[in-house]
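Structure, as structure tokens:
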Amino acid sequence: MSAQALTLFWPFCLFIVVLFVIGFYCLLVTFNLIRALIGLELLIKAVTLLLVLVGYVTAHEALVQSLVITLIVMEVVIIAVAAGIALGLHRHNKNLDTRQLRNLKG
Amino acid sequence: MLSLMILIPLACLLLISFLPLKGKRVAFAVVMALAFFQIYAVFSPSIMANRHLPGLASVFNFTLAVDSLSRIMLLCIGIVIFIALLAAGPFVKEEDKRFYFSGLMILELMGLNGVVMVRDIFSMYVFWEVAAAASFVLIALEKKRDPLEGAFKYLIFSSVATVFVLSAIAIILLISGSTSFTDIRVALLVTPHSNLIILAVGVFLAGLFMKAGVMPFHGYLPDAYASAPAPVSILLAGVVTKTLGVYTAMRIVIDIFGFSTALKSILLCIGLISAIFGALAAMGQKDLKRLLAYSSISQVGYIFLGFGCGTPLGIAAAIFHIFNHTVFKSLLFVNAAAVEDRLGTLDMGRMSGLASRMPITGTTSVLASLSLSGVPPLAGFWSKLFIILALWQSGLYGVAVTAVLTSLLTLAYMLLLQRRVFFGTPEKNMAGVVEAGFNLTLPAVILAILIAGVGLFFPYVVHTVIFPVVSF
């Protein structure tokens, strides 16, 4: 790890941790389907950033670049499916409130 | 030739998508053929041999490998896809829905095959997501309210699990600078950062436990299983969560991290909690599929108990139990599908004495229940016996005794199910009920024969299939 990489490491780490915390907070407190998806996005963005940072620090930029591009594609697929499901729920419930999702329990 | 197991489904998927509308009717048959091919391929040494593809096709050479563990999983995947397709007939009726269903099944097959065969941590993630995305859509395919709700819960949990796993991959990349299993294993042995490794193992396992739906992380699982259409429940309970969660955990621990004392105690602890509380929660269920879902959680606990011993016997027992669980849980879900098809409900309070109305469903479900509760000489007995022997051998006497007692709980809730649904005399509202159609009784009979066959010929099965797994 070079000296320059080290100076960048800790600010980046801090930022990633903040993103993780925001993402989890968002998932935990929100009652809105779309906001839950935004929280999920924040979490995945934090992980993407973490991968980029790791690639930079260990000087494996090429490997990590391909990983991150794959990750972005997979993320889009998941979010598209999630948005479709949220849309379907909106059609049935006429709102996006997660508190309406109490049909299944036991 | 191993890449064929991924390339052929992919090619079929592309092919059926470009067919004209009339040709799309063959989609079901294509998936059926793929499932047969998978079962054939597992026993064919020329496909299982890791030769490279010749000529132009050599572009598609991934780093794939199979060992006996992967082969058992591939076999399970083939069987369950076949059974789920057979059972799909009465539940997926519209022409276009059938086409989407078949396409997603192929995608699921491809994703699961990939997860089982790759030896590269990032490709594993990619196939993971392929399989997971396909199963979200499969659950929500009917666009009814409850399946959408179950799919959304599953999606959120599963994505958070993915985030955990990806963070662990990033940490592993930081330590080892590589993504292939062998490189990582070598790098982890020499690295001075032992704290980072512990963090990586912890985060990775947390993600995998979520995917496997073991007890503290199980919130989504009963919802997803119970709300999904019947063939999708068979698929989810039979292979999806087992491959994505349990198999991956085994693969990661055996190939990369290796067993340490702390890891073993985590696995045993999770397994024990899951086995006991899954069984207790199953006792109080009113919905047939929900009961089976909780029972699934409990059985995954057993698998982790066997695996957590870390001894060859324990690992073999865990794998044997995965196979048995696939067979008997698929059979129980097929029976649930037959009941749902005939009665239009899964509420156990509204069922009675169905065994006299539906003799094949009744008989096979008794067989599956007994196998699940570990009654000799059925298949489930031997794997549970092995798990308990492995626990005893490792000196974990308390855990072994608890596992035996939990097995009694299992018998209790399965008998409860049998008594409410199948035994006794049918009430008046059951008068018009007849046996389910051919495509729900045929899979039930096939699986019942498998249960009895594996149970009766278990010395042969164990020596040729199960024990080679641990001879590494």
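Ligands are numbered from 1 in the order shown, chains are lettered A, B, ... in the order of the structure tokens, and residues start at 1 in each chain.
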Interface residues on chain B facing chain A, 6 Å, only C-alpha atoms, written as a list in words: Ser167, Ala170, Leu174 and Asp223 of chain B
Just-selected residues, C-alpha atoms written as a short mmCIF file (atom, residue, chain, number, x, y, z; two decimals), in the first residue's frame:
```cif
data_model
loop_
_atom_site.label_atom_id
_atom_site.label_comp_id
_atom_site.auth_asym_id
_atom_site.auth_seq_id
_atom_site.Cartn_x
_atom_site.Cartn_y
_atom_site.Cartn_z
CA SER B 167 -18.79 -6.76 1.44
CA ALA B 170 -14.42 -7.02 -1.01
CA LEU B 174 -8.33 -6.81 0.01
CA ASP B 223 -44.17 -15.79 3.53
#
```
Tell me, which residues of stretch 71-156 of chain B carry DSSP alpha helix (DSSP H), written as a VMD selection string? chain B and resid 71 to 88 95 to 117 121 to 139 145 to 156
Using only C-alpha atoms, find each residue in stretch 233-312 of chain B having at least one atom no more than 12 Å away from stretch 373-390 of chain B; report its shortest atom-to-atom pair and that distance in Å (one decimal), rows by chain then rising number, as a tab-separated table.
```
residue	atom	partner	partner_atom	distance
B:Leu268	CA	B:Ile387	CA	11.6
B:Gly271	CA	B:Ile387	CA	11.6
B:Ala279	CA	B:Ser373	CA	10.8
B:Ser295	CA	B:Ser373	CA	10.1
B:Ser296	CA	B:Ser373	CA	11.9
B:Ser298	CA	B:Ser373	CA	11.1
B:Gln299	CA	B:Lys384	CA	9.7
B:Val300	CA	B:Lys384	CA	11.8
B:Gly301	CA	B:Ile387	CA	11.1
B:Tyr302	CA	B:Ile387	CA	7.5
B:Ile303	CA	B:Ile387	CA	7.9
B:Phe304	CA	B:Ile387	CA	9.5
B:Leu305	CA	B:Ile387	CA	7.1
B:Gly306	CA	B:Ile387	CA	4.8
B:Phe307	CA	B:Ile387	CA	8.3
B:Gly308	CA	B:Ala390	CA	9.6
B:Cys309	CA	B:Ala390	CA	6.7
B:Gly310	CA	B:Ala390	CA	9.0
B:Thr311	CA	B:Ala390	CA	7.3
B:Pro312	CA	B:Ala390	CA	8.6
```
